[in-house]
>>> print(open('run.cif').read())   # mmCIF, C-alpha atoms
data_start
#
loop_
_atom_site.group_PDB
_atom_site.id
_atom_site.type_symbol
_atom_site.label_atom_id
_atom_site.label_comp_id
_atom_site.auth_asym_id
_atom_site.auth_seq_id
_atom_site.Cartn_x
_atom_site.Cartn_y
_atom_site.Cartn_z
ATOM 1 C CA MET A 1 -43.548 39.704 24.196
ATOM 2 C CA LYS A 2 -41.599 40.912 27.208
ATOM 3 C CA ALA A 3 -44.337 43.269 28.355
ATOM 4 C CA GLU A 4 -47.130 40.717 27.855
ATOM 5 C CA ARG A 5 -45.259 37.624 29.044
ATOM 6 C CA GLY A 6 -47.685 34.938 30.157
ATOM 7 C CA ARG A 7 -50.651 36.751 28.592
ATOM 8 C CA TYR A 8 -50.211 36.708 24.821
ATOM 9 C CA VAL A 9 -51.558 34.121 22.364
ATOM 10 C CA LEU A 10 -48.975 32.697 19.982
ATOM 11 C CA VAL A 11 -50.224 31.907 16.460
ATOM 12 C CA VAL A 12 -48.041 29.456 14.527
ATOM 13 C CA ASP A 13 -48.255 28.928 10.770
ATOM 14 C CA GLY A 14 -46.291 26.040 9.253
ATOM 15 C CA SER A 15 -44.492 23.008 10.601
ATOM 16 C CA VAL A 16 -40.996 23.423 12.013
ATOM 17 C CA PRO A 17 -37.894 21.456 10.953
ATOM 18 C CA VAL A 18 -35.929 20.009 13.849
ATOM 19 C CA ALA A 19 -32.935 19.235 11.634
ATOM 20 C CA ALA A 20 -30.508 22.155 11.875
ATOM 21 C CA GLY A 21 -29.992 24.663 9.097
ATOM 22 C CA TYR A 22 -33.107 24.096 6.992
ATOM 23 C CA SER A 23 -34.940 27.290 7.836
ATOM 24 C CA THR A 24 -33.653 30.416 9.534
ATOM 25 C CA ILE A 25 -34.705 34.057 9.747
ATOM 26 C CA ALA A 26 -31.879 36.586 10.113
ATOM 27 C CA GLY A 27 -29.659 33.692 11.155
ATOM 28 C CA VAL A 28 -32.008 32.470 13.878
ATOM 29 C CA ASP A 29 -33.196 28.881 13.527
ATOM 30 C CA ASN A 30 -37.004 28.554 13.319
ATOM 31 C CA LEU A 31 -37.096 26.065 16.182
ATOM 32 C CA GLU A 32 -35.133 28.380 18.466
ATOM 33 C CA MET A 33 -37.393 31.276 17.522
ATOM 34 C CA LEU A 34 -40.533 29.248 18.260
ATOM 35 C CA LYS A 35 -39.050 28.015 21.542
ATOM 36 C CA GLU A 36 -38.500 31.606 22.675
ATOM 37 C CA CYS A 37 -41.995 32.692 21.639
ATOM 38 C CA ALA A 38 -43.769 29.686 23.183
ATOM 39 C CA GLU A 39 -42.018 30.124 26.526
ATOM 40 C CA GLY A 40 -43.953 33.290 27.358
ATOM 41 C CA ALA A 41 -47.258 32.404 25.678
ATOM 42 C CA ALA A 42 -50.526 31.861 27.522
ATOM 43 C CA ALA A 43 -51.794 29.631 24.713
ATOM 44 C CA VAL A 44 -50.894 28.549 21.185
ATOM 45 C CA ILE A 45 -53.003 28.398 18.035
ATOM 46 C CA ALA A 46 -51.670 26.181 15.234
ATOM 47 C CA ILE A 47 -52.986 27.554 11.935
ATOM 48 C CA GLY A 48 -53.156 25.199 8.941
ATOM 49 C CA THR A 49 -52.416 21.499 8.521
ATOM 50 C CA CYS A 50 -48.640 21.977 8.568
ATOM 51 C CA ALA A 51 -48.668 23.602 12.009
ATOM 52 C CA SER A 52 -51.410 21.251 13.233
ATOM 53 C CA PHE A 53 -50.155 17.889 11.923
ATOM 54 C CA GLY A 54 -46.931 18.405 9.964
ATOM 55 C CA GLY A 55 -48.532 18.691 6.519
ATOM 56 C CA LEU A 56 -46.515 18.491 3.307
ATOM 57 C CA PRO A 57 -43.109 19.247 4.903
ATOM 58 C CA ALA A 58 -43.526 16.236 7.224
ATOM 59 C CA ALA A 59 -44.545 13.871 4.415
ATOM 60 C CA ALA A 60 -42.292 10.867 3.826
ATOM 61 C CA PRO A 61 -39.335 10.818 3.783
ATOM 62 C CA ASN A 62 -39.341 14.130 5.730
ATOM 63 C CA PRO A 63 -35.641 15.018 5.323
ATOM 64 C CA THR A 64 -35.974 18.197 7.418
ATOM 65 C CA GLY A 65 -37.538 16.402 10.380
ATOM 66 C CA ALA A 66 -40.519 18.782 10.168
ATOM 67 C CA GLN A 67 -42.936 18.475 13.088
ATOM 68 C CA SER A 68 -46.248 19.931 14.139
ATOM 69 C CA VAL A 69 -46.573 22.239 17.134
ATOM 70 C CA ALA A 70 -48.159 19.409 19.156
ATOM 71 C CA ALA A 71 -45.260 17.065 18.335
ATOM 72 C CA LEU A 72 -42.737 19.740 19.305
ATOM 73 C CA MET A 73 -44.488 20.102 22.669
ATOM 74 C CA GLU A 74 -44.720 16.334 23.132
ATOM 75 C CA HIS A 75 -41.009 15.878 22.420
ATOM 76 C CA GLU A 76 -40.169 18.820 24.703
ATOM 77 C CA HIS A 77 -38.598 20.898 21.941
ATOM 78 C CA ILE A 78 -40.802 23.807 23.052
ATOM 79 C CA ALA A 79 -42.762 24.600 26.217
ATOM 80 C CA SER A 80 -46.100 22.835 26.567
ATOM 81 C CA ARG A 81 -48.981 25.314 26.501
ATOM 82 C CA PRO A 82 -52.757 25.068 25.909
ATOM 83 C CA LEU A 83 -53.019 24.305 22.187
ATOM 84 C CA ILE A 84 -55.748 24.412 19.577
ATOM 85 C CA ASN A 85 -55.316 23.083 16.039
ATOM 86 C CA ILE A 86 -57.049 24.709 13.078
ATOM 87 C CA PRO A 87 -56.040 22.412 10.207
ATOM 88 C CA GLY A 88 -56.831 22.803 6.541
ATOM 89 C CA CYS A 89 -54.700 23.435 3.478
ATOM 90 C CA PRO A 90 -55.575 26.276 3.683
ATOM 91 C CA PRO A 91 -57.677 26.604 6.865
ATOM 92 C CA LEU A 92 -61.083 28.243 6.713
ATOM 93 C CA PRO A 93 -60.877 31.979 7.590
ATOM 94 C CA MET A 94 -64.165 31.863 9.523
ATOM 95 C CA VAL A 95 -62.797 29.116 11.755
ATOM 96 C CA ILE A 96 -59.699 31.171 12.548
ATOM 97 C CA SER A 97 -61.739 34.287 13.357
ATOM 98 C CA GLY A 98 -64.287 32.231 15.312
ATOM 99 C CA VAL A 99 -61.605 30.700 17.541
ATOM 100 C CA LEU A 100 -59.940 34.070 18.115
ATOM 101 C CA ALA A 101 -63.282 35.689 18.964
ATOM 102 C CA HIS A 102 -64.104 32.888 21.423
ATOM 103 C CA TYR A 103 -60.742 33.233 23.146
ATOM 104 C CA LEU A 104 -61.086 37.019 23.393
ATOM 105 C CA ALA A 105 -64.600 36.706 24.834
ATOM 106 C CA PHE A 106 -64.017 33.845 27.293
ATOM 107 C CA ALA A 107 -60.210 33.717 27.816
ATOM 108 C CA ARG A 108 -60.220 30.030 26.857
ATOM 109 C CA PHE A 109 -60.504 27.846 23.800
ATOM 110 C CA PRO A 110 -63.843 26.366 22.675
ATOM 111 C CA GLU A 111 -64.593 22.648 23.156
ATOM 112 C CA LEU A 112 -62.067 20.497 21.290
ATOM 113 C CA ASP A 113 -62.122 17.080 19.641
ATOM 114 C CA GLY A 114 -59.515 14.362 20.195
ATOM 115 C CA LEU A 115 -57.081 16.094 17.812
ATOM 116 C CA ALA A 116 -57.401 19.468 19.580
ATOM 117 C CA ARG A 117 -59.584 20.903 16.805
ATOM 118 C CA PRO A 118 -62.589 23.132 17.631
ATOM 119 C CA LEU A 119 -65.520 20.724 17.815
ATOM 120 C CA ALA A 120 -68.032 23.256 16.491
ATOM 121 C CA PHE A 121 -66.242 23.278 13.140
ATOM 122 C CA PHE A 122 -64.676 19.814 13.020
ATOM 123 C CA GLY A 123 -67.368 17.743 14.733
ATOM 124 C CA ASN A 124 -68.829 16.513 11.442
ATOM 125 C CA THR A 125 -67.264 15.172 8.287
ATOM 126 C CA VAL A 126 -67.264 16.910 4.926
ATOM 127 C CA HIS A 127 -69.388 13.970 3.757
ATOM 128 C CA ASP A 128 -72.054 14.637 6.413
ATOM 129 C CA ARG A 129 -72.673 18.158 5.085
ATOM 130 C CA CYS A 130 -71.853 17.593 1.405
ATOM 131 C CA SER A 131 -74.117 19.034 -1.282
ATOM 132 C CA ARG A 132 -73.719 15.700 -3.156
ATOM 133 C CA TYR A 133 -74.703 13.573 -0.159
ATOM 134 C CA HIS A 134 -78.130 12.669 -1.568
ATOM 135 C CA PHE A 135 -76.419 11.157 -4.611
ATOM 136 C CA TYR A 136 -74.323 9.016 -2.258
ATOM 137 C CA GLN A 137 -77.532 7.767 -0.629
ATOM 138 C CA GLU A 138 -78.984 7.037 -4.056
ATOM 139 C CA GLU A 139 -75.737 5.227 -5.029
ATOM 140 C CA LYS A 140 -75.165 7.542 -7.964
ATOM 141 C CA PHE A 141 -71.419 7.884 -8.439
ATOM 142 C CA ALA A 142 -69.192 9.534 -11.029
ATOM 143 C CA GLU A 143 -66.802 6.878 -12.369
ATOM 144 C CA ARG A 144 -64.608 9.301 -14.356
ATOM 145 C CA PHE A 145 -64.146 13.061 -14.312
ATOM 146 C CA ASP A 146 -65.703 13.381 -17.780
ATOM 147 C CA ASP A 147 -68.589 10.908 -17.587
ATOM 148 C CA GLU A 148 -72.304 11.582 -17.371
ATOM 149 C CA GLY A 149 -72.293 11.237 -13.568
ATOM 150 C CA ALA A 150 -69.605 13.907 -13.246
ATOM 151 C CA ARG A 151 -71.564 16.264 -15.500
ATOM 152 C CA LYS A 152 -74.702 15.684 -13.427
ATOM 153 C CA GLY A 153 -72.881 16.382 -10.158
ATOM 154 C CA TRP A 154 -73.031 12.849 -8.754
ATOM 155 C CA CYS A 155 -71.031 11.697 -5.722
ATOM 156 C CA LEU A 156 -67.232 11.644 -6.182
ATOM 157 C CA TYR A 157 -66.514 8.839 -3.706
ATOM 158 C CA LYS A 158 -65.333 6.431 -6.434
ATOM 159 C CA LEU A 159 -62.925 9.094 -7.688
ATOM 160 C CA GLY A 160 -61.077 9.086 -4.382
ATOM 161 C CA CYS A 161 -63.092 11.573 -2.332
ATOM 162 C CA LYS A 162 -61.932 11.577 1.304
ATOM 163 C CA GLY A 163 -65.046 13.412 2.520
ATOM 164 C CA PRO A 164 -66.354 10.487 4.638
ATOM 165 C CA THR A 165 -63.161 10.455 6.749
ATOM 166 C CA THR A 166 -62.389 14.186 6.762
ATOM 167 C CA HIS A 167 -63.630 16.443 9.541
ATOM 168 C CA ASN A 168 -64.078 20.061 8.484
ATOM 169 C CA ALA A 169 -66.720 22.700 7.791
ATOM 170 C CA CYS A 170 -65.819 23.275 4.108
ATOM 171 C CA ALA A 171 -69.176 22.001 2.862
ATOM 172 C CA SER A 172 -71.201 24.326 5.102
ATOM 173 C CA MET A 173 -69.015 27.458 5.221
ATOM 174 C CA LYS A 174 -67.478 27.095 1.754
ATOM 175 C CA TRP A 175 -64.927 29.514 0.282
ATOM 176 C CA ASN A 176 -64.919 32.987 -1.304
ATOM 177 C CA ASP A 177 -67.822 34.320 0.761
ATOM 178 C CA GLY A 178 -69.780 31.084 0.504
ATOM 179 C CA THR A 179 -69.348 30.629 -3.261
ATOM 180 C CA SER A 180 -68.257 26.987 -3.359
ATOM 181 C CA PHE A 181 -65.910 24.298 -2.026
ATOM 182 C CA PRO A 182 -63.775 21.681 -3.843
ATOM 183 C CA VAL A 183 -66.391 18.892 -4.027
ATOM 184 C CA GLU A 184 -69.079 21.270 -5.249
ATOM 185 C CA ALA A 185 -66.600 22.503 -7.870
ATOM 186 C CA GLY A 186 -66.103 18.935 -9.104
ATOM 187 C CA HIS A 187 -62.960 17.757 -7.314
ATOM 188 C CA PRO A 188 -62.852 15.035 -4.633
ATOM 189 C CA CYS A 189 -62.003 16.077 -1.085
ATOM 190 C CA LEU A 190 -58.287 15.477 -0.409
ATOM 191 C CA GLY A 191 -58.686 15.117 3.352
ATOM 192 C CA CYS A 192 -56.409 18.099 3.944
ATOM 193 C CA SER A 193 -57.544 18.700 7.537
ATOM 194 C CA GLU A 194 -56.609 15.194 8.704
ATOM 195 C CA PRO A 195 -53.187 14.057 9.994
ATOM 196 C CA GLY A 196 -50.858 12.614 7.354
ATOM 197 C CA PHE A 197 -53.104 13.411 4.384
ATOM 198 C CA TRP A 198 -50.122 13.807 2.027
ATOM 199 C CA ASP A 199 -49.054 10.198 2.693
ATOM 200 C CA HIS A 200 -52.495 8.619 2.375
ATOM 201 C CA GLY A 201 -52.443 8.225 -1.406
ATOM 202 C CA GLY A 202 -55.505 8.921 -3.511
ATOM 203 C CA VAL A 203 -54.977 11.471 -6.269
ATOM 204 C CA TYR A 204 -51.237 11.681 -5.512
ATOM 205 C CA LEU A 205 -50.566 8.115 -6.675
ATOM 206 C CA THR A 206 -49.884 7.426 -10.360
#
>>> encode(input="run.cif", output="structure tokens")
Amino acid sequence: MKAERGRYVLVVDGSVPVAAGYSTIAGVDNLEMLKECAEGAAAVIAIGTCASFGGLPAAAPNPTGAQSVAALMEHEHIASRPLINIPGCPPLPMVISGVLAHYLAFARFPELDGLARPLAFFGNTVHDRCSRYHFYQEEKFAERFDDEGARKGWCLYKLGCKGPTTHNACASMKWNDGTSFPVEAGHPCLGCSEPGFWDHGGVYLT
């Protein structure tokens, strides 16, 4: 860090508690550690929904005062630096490598959306690219997880799918070398790449 001051890219994983004493490494508070690292960084990459938007640790009632990297910059807890968010719980590996490759090639981040996410990967919703989209157009919906519609692979919107409001490339890039993604596997999208998804209800409500 000392030798590359002002030139290195800082990658942050996880949200950071601003309340004292909740998370330390070798006696050093996480916030103080991040503050030191951000001071000499040329740019910052927030990896995952926790680093990007607070995620689960920042969900109500948030006793640790956990904040995203952007919030820490906004509240002047750490130095403000060029920032890109790569949300997802977990984030897509190809998005991470794509952003890193772009920065290495051009010494800048790719085009971003309004939430500082790379537009190439987050410009469309999961719904837009979903393999069940044609069933949505045909108004064929699964009503229960064990009904005929579910067995036939119909749209999961009525089962709480957040795909129409979730921006991510899960449906096109998929997981495990392109094997599948949650909706294709039969589970509604949770909206994990959007701010505050833990507090938005859906499958988490009884």
>>> residues_around(input="run.cif", residues="A:Ser131", least_positions_apart="4", cutoff="10 Å", atoms="only C-alpha atoms", output="PDB file with C-alpha atoms, in the coordinates of the input")
ATOM      1  CA  VAL A 126     -67.264  16.910   4.926  1.00  0.00           C
ATOM      2  CA  HIS A 127     -69.388  13.970   3.757  1.00  0.00           C
ATOM      3  CA  PHE A 135     -76.419  11.157  -4.611  1.00  0.00           C
ATOM      4  CA  GLY A 153     -72.881  16.382 -10.158  1.00  0.00           C
ATOM      5  CA  TRP A 154     -73.031  12.849  -8.754  1.00  0.00           C
ATOM      6  CA  CYS A 155     -71.031  11.697  -5.722  1.00  0.00           C
ATOM      7  CA  ALA A 171     -69.176  22.001   2.862  1.00  0.00           C
ATOM      8  CA  SER A 172     -71.201  24.326   5.102  1.00  0.00           C
ATOM      9  CA  PHE A 181     -65.910  24.298  -2.026  1.00  0.00           C
ATOM     10  CA  VAL A 183     -66.391  18.892  -4.027  1.00  0.00           C
ATOM     11  CA  GLU A 184     -69.079  21.270  -5.249  1.00  0.00           C
TER      12      GLU A 184
END
>>> resolve_selection(input="run.cif", expression="the PyMOL selection byres ((chain A and resi 37) around 12)", output="list in words")
Met1, Lys2, Glu4, Arg5, Gly6, Arg7, Tyr8, Val9, Leu10, Val11, Val12, Asn30, Leu31, Glu32, Met33, Leu34, Lys35, Glu36, Ala38, Glu39, Gly40, Ala41, Ala42, Ala43, Val44, Ile78, Ala79, Ser80 and Arg81 of chain A
>>> closest_residue(input="run.cif", among="A:His167, A:Asn85, A:Asp128, A:Cys50", to="A:Phe109", atoms="all atoms listed in the file")
A:Asn85
>>> closest_residue(input="run.cif", among="A:Ser193, A:Gln137, A:Ser180, A:Thr125", to="A:Leu56", atoms="all atoms listed in the file")
A:Ser193
>>> closest_residue(input="run.cif", among="A:Ala3, A:Leu100, A:Glu76, A:Ala71", to="A:Ile47", atoms="all atoms listed in the file")
A:Leu100
>>> closest_residue(input="run.cif", among="A:Ser15, A:Thr165, A:Thr49, A:Thr24", to="A:Cys89", atoms="all atoms listed in the file")
A:Thr49
>>> residues_near_point(input="run.cif", point="(-70.2, 6.1, -2.0)", cutoff="10 Å", atoms="only C-alpha atoms", output="list in words")
His127, Tyr133, Phe135, Tyr136, Gln137, Glu138, Glu139, Lys140, Phe141, Ala142, Trp154, Cys155, Leu156, Tyr157, Lys158, Leu159, Gly160, Cys161 and Pro164 of chain A
>>> axis_aligned_box(input="run.cif", around="stretch 31-36 of chain A", padding_each_side="3 Å", output="AutoDock Vina command-line options")
--center_x -37.8 --center_y 28.8 --center_z 19.4 --size_x 11.4 --size_y 11.5 --size_z 12.5
>>> resolve_selection(input="run.cif", expression="the PyMOL selection byres ((chain A and resi 68) around 12)", output="MDAnalysis selection string")
chainID A and resid 12:18 31 34 45:59 65:67 69:75 77:78 83:87 195:196
>>> atom_distance(input="run.cif", atom1="atom CA of A:Trp198", atom2="atom CA of A:Leu92")
18.7 Å
>>> resolve_selection(input="run.cif", expression="the PyMOL selection byres ((chain A and resi 189) around 8)", output="list in words")
Gly160, Cys161, Lys162, Gly163, Pro182, Val183, His187, Pro188, Leu190, Gly191 and Cys192 of chain A
>>> atom_distance(input="run.cif", atom1="atom CA of A:Gly186", atom2="atom CA of A:Gly88")
18.6 Å
>>> residues_around(input="run.cif", residues="A:Asp113", least_positions_apart="6", cutoff="8 Å", atoms="all atoms listed in the file", output="PDB file with C-alpha atoms, in the frame of the given file")
ATOM      1  CA  LEU A 119     -65.520  20.724  17.815  1.00  0.00           C
ATOM      2  CA  PHE A 122     -64.676  19.814  13.020  1.00  0.00           C
ATOM      3  CA  GLY A 123     -67.368  17.743  14.733  1.00  0.00           C
TER       4      GLY A 123
END
>>> atom_distance(input="run.cif", atom1="atom CA of A:Leu112", atom2="atom CA of A:Phe197")
20.4 Å
>>> closest_residue(input="run.cif", among="A:Ile96, A:Ala169, A:Ala60, A:Ala185", to="A:His200", atoms="all atoms listed in the file")
A:Ala60
